[in-house]
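Written below as structure tokens is the structure these notes are about.
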Amino acid sequence: MSDVAAIEQLVKKHSALKKEISKIIVGQEKVVDQVLLAIFSGGHALLIGVPGLAKTLMVNTIAQALGLDFKRIQFTPDLMPSDILGSEILDENRHFKFIKGPIFANIILADEINRTPPKTQAALLEAMQERAVTIAGNHYKLSLPYFVLATQNPIEQEGTYPLPEAQLDRFMFAINLEYPSFEEEVNIVKTTTTDHFETVNALFTAQEIIDFQNLIRRIPVADNVMEYAVNLVGKTRPNSPTASNMIKNYIDWGAGPRASQNLILAAKSNAALHGKFSPDIEDVQMVTTSILRHRLIKNYKAEAEGLTIEAIIESLF
């Protein structure tokens, strides 16, 4: 199949996928779009929202509709790395046998990832970057496609451990979940308080998703779009000659090169899912906020003046 025909097929399947997900998830269209963008780009996503906004249900529904193996890990202060990765035990013949942990699945929901100490958070780093884990000196490949979708509650800071910058940088997107509108909430209550339950059909196979990811990587990007993305990320660094006064005054640290890579990959995905054969500057702008949100570090002045990170990113355009 030619790449042109493959993109047309991707648009069709993406539209059917969204319809399937909407059987269970009411509203939150932007969030679903961004999670799917991350998946087709081969990236991970961090979902930030208060409890009760169906973050877990959303990830579970998306995993079912994509036909992927799904595991949920509830992060708690006493969780150990071996609870995630697995451990070696002695079997009855006194041989070491490796028992796989929940990290061995296609989609991992890391629920409330900031509730666990850094030692356990770090257990995910190798898996997220290398799609493999090393346990007791043995290297185990994870089955592809592989995604970590983590959730974080922005209100309670008691008993939480903020994610280190190195780990945050491995998430392609940081996605904010908002409260539903009045109509959406009425709809949610209507559909979830009866004895009727919708079933979600699997529309993809793991191999199809890998093929679509490879297709997206093959999409060509014009030099001016590539330069625009790199320039945009460069502008977020306070010591850069292109940084605006807003950045110099309110940002301590800007985004690194991984942000530029992710901007281009996400822009390619955004273009492909809208039936375009190459991304333009508009595609880059569409994904900028979610890609930069967790990569810029505000200083105390920005905090004191109540400036949001979104307002600072908006000023880059």
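Labeling convention for the structure tokens: chains A, B, ... as they appear, residues from 1 per chain, ligands from 1 in order of appearance.
For segment 305-310 of chain A, the residues within 10 Å (counting only C-alpha atoms, excluding itself and residues fewer than 4 positions away along the chain) are A:Tyr250, A:Ile251, A:Thr288, A:Thr289, A:Ser290, A:Leu292, A:Arg293, A:His294, A:Arg295, A:Leu296, A:Ile297, A:Lys298, A:Tyr300, A:Lys301, A:Glu314, A:Ser315.
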- Task: Please identify which residues in segment 51-282 of chain A DSSP calls alpha helix (DSSP H) from the backbone, and express them as a ChimeraX atom specification.
- Result: /A:55-65,81-85,118-121,123-130,165-168,182-192,206-218,223-234,245-250,257-273,281-282
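Among the candidate residues A:Val221, A:Asn60, A:Ser240, A:His44, the one lying nearest to Tyr146 of chain A is A:His44, with distances computed using only C-alpha atoms.
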- Find the residues near Thr56 of chain A: any atom within 9 Å, counting only C-alpha atoms, skip ones fewer than 3 places away on the same chain, and give them as a PyMOL selection string. chain A and resi 53+59-61+72+109+111+151
I need the chosen residues saved as an mmCIF file, in the first residue's frame, with C-alpha atoms.
data_model
loop_
_atom_site.group_PDB
_atom_site.id
_atom_site.type_symbol
_atom_site.label_atom_id
_atom_site.label_comp_id
_atom_site.auth_asym_id
_atom_site.auth_seq_id
_atom_site.Cartn_x
_atom_site.Cartn_y
_atom_site.Cartn_z
ATOM 1 C CA LEU A 53 -12.552 13.104 35.742
ATOM 2 C CA VAL A 59 -6.969 5.126 29.326
ATOM 3 C CA ASN A 60 -8.700 1.754 29.758
ATOM 4 C CA THR A 61 -11.221 2.559 26.992
ATOM 5 C CA ARG A 72 -2.745 -0.387 35.676
ATOM 6 C CA LEU A 109 -1.447 3.371 33.302
ATOM 7 C CA ASP A 111 -1.924 6.043 38.326
ATOM 8 C CA THR A 151 -1.923 10.506 35.880
#
- For Leu47 of chain A, which residue out of A:Lys12, A:Ala174, A:Leu66, A:Leu90 is the nearest one, using only C-alpha atoms? A:Ala174
Mind dumping a table of every segment 57-154 of chain A residue within 12 Å of segment 164-168 of chain A, with the nearest atom pair and its distance in Å to one decimal, using only C-alpha atoms, sorted by chain and rising number, as a tab-separated table?
residue	atom	partner	partner_atom	distance
A:Ile113	CA	A:Gln167	CA	10.9
A:Asn114	CA	A:Pro164	CA	9.8
A:Pro117	CA	A:Pro164	CA	10.7
A:Pro118	CA	A:Pro164	CA	7.9
A:Lys119	CA	A:Pro164	CA	11.0
A:Thr120	CA	A:Gln167	CA	11.8
A:Gln121	CA	A:Gln167	CA	8.2
A:Ala122	CA	A:Gln167	CA	7.6
A:Ala123	CA	A:Gln167	CA	10.4
A:Leu124	CA	A:Gln167	CA	8.6
A:Leu125	CA	A:Gln167	CA	6.6
A:Glu126	CA	A:Gln167	CA	10.1
A:Ala127	CA	A:Gln167	CA	11.4
A:Met128	CA	A:Gln167	CA	9.1
A:Gln129	CA	A:Gln167	CA	9.7
A:Val148	CA	A:Gln167	CA	11.8
A:Ala150	CA	A:Leu168	CA	10.5
A:Gln152	CA	A:Leu168	CA	11.7
- Pick the closest to Asp3 of chain A from A:Ser278, A:Ser22, A:Asn299, A:Ser41: which is it, counting only C-alpha atoms?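 Residue with the minimum atom-to-atom distance to Asp3 of chain A: A:Ser278.
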- Distance of atom CA of Asn214 of chain A from atom CA of Leu10 of chain A, expressed in Å to one decimal place: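 Atom-to-atom, atom CA of Leu10 of chain A to atom CA of Asn214 of chain A, that is 12.2 Å.
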- Item | Secondary structure check, strand (DSSP E or B) residues of segment 61-294 of chain A, as a ChimeraX atom specification | /A:70-74,86-90,96-100,107-111,132-135,138-141,147-152,171-176,251-253
- What separates atom CA of Ala206 of chain A and atom CA of Leu144 of chain A is a distance of 7.3 Å
- atom CA of Ala5 of chain A to atom CA of Ala63 of chain A, distance in Å rounded to a single decimal: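 Separating atom CA of Ala5 of chain A from atom CA of Ala63 of chain A is a distance of 25.3 Å.
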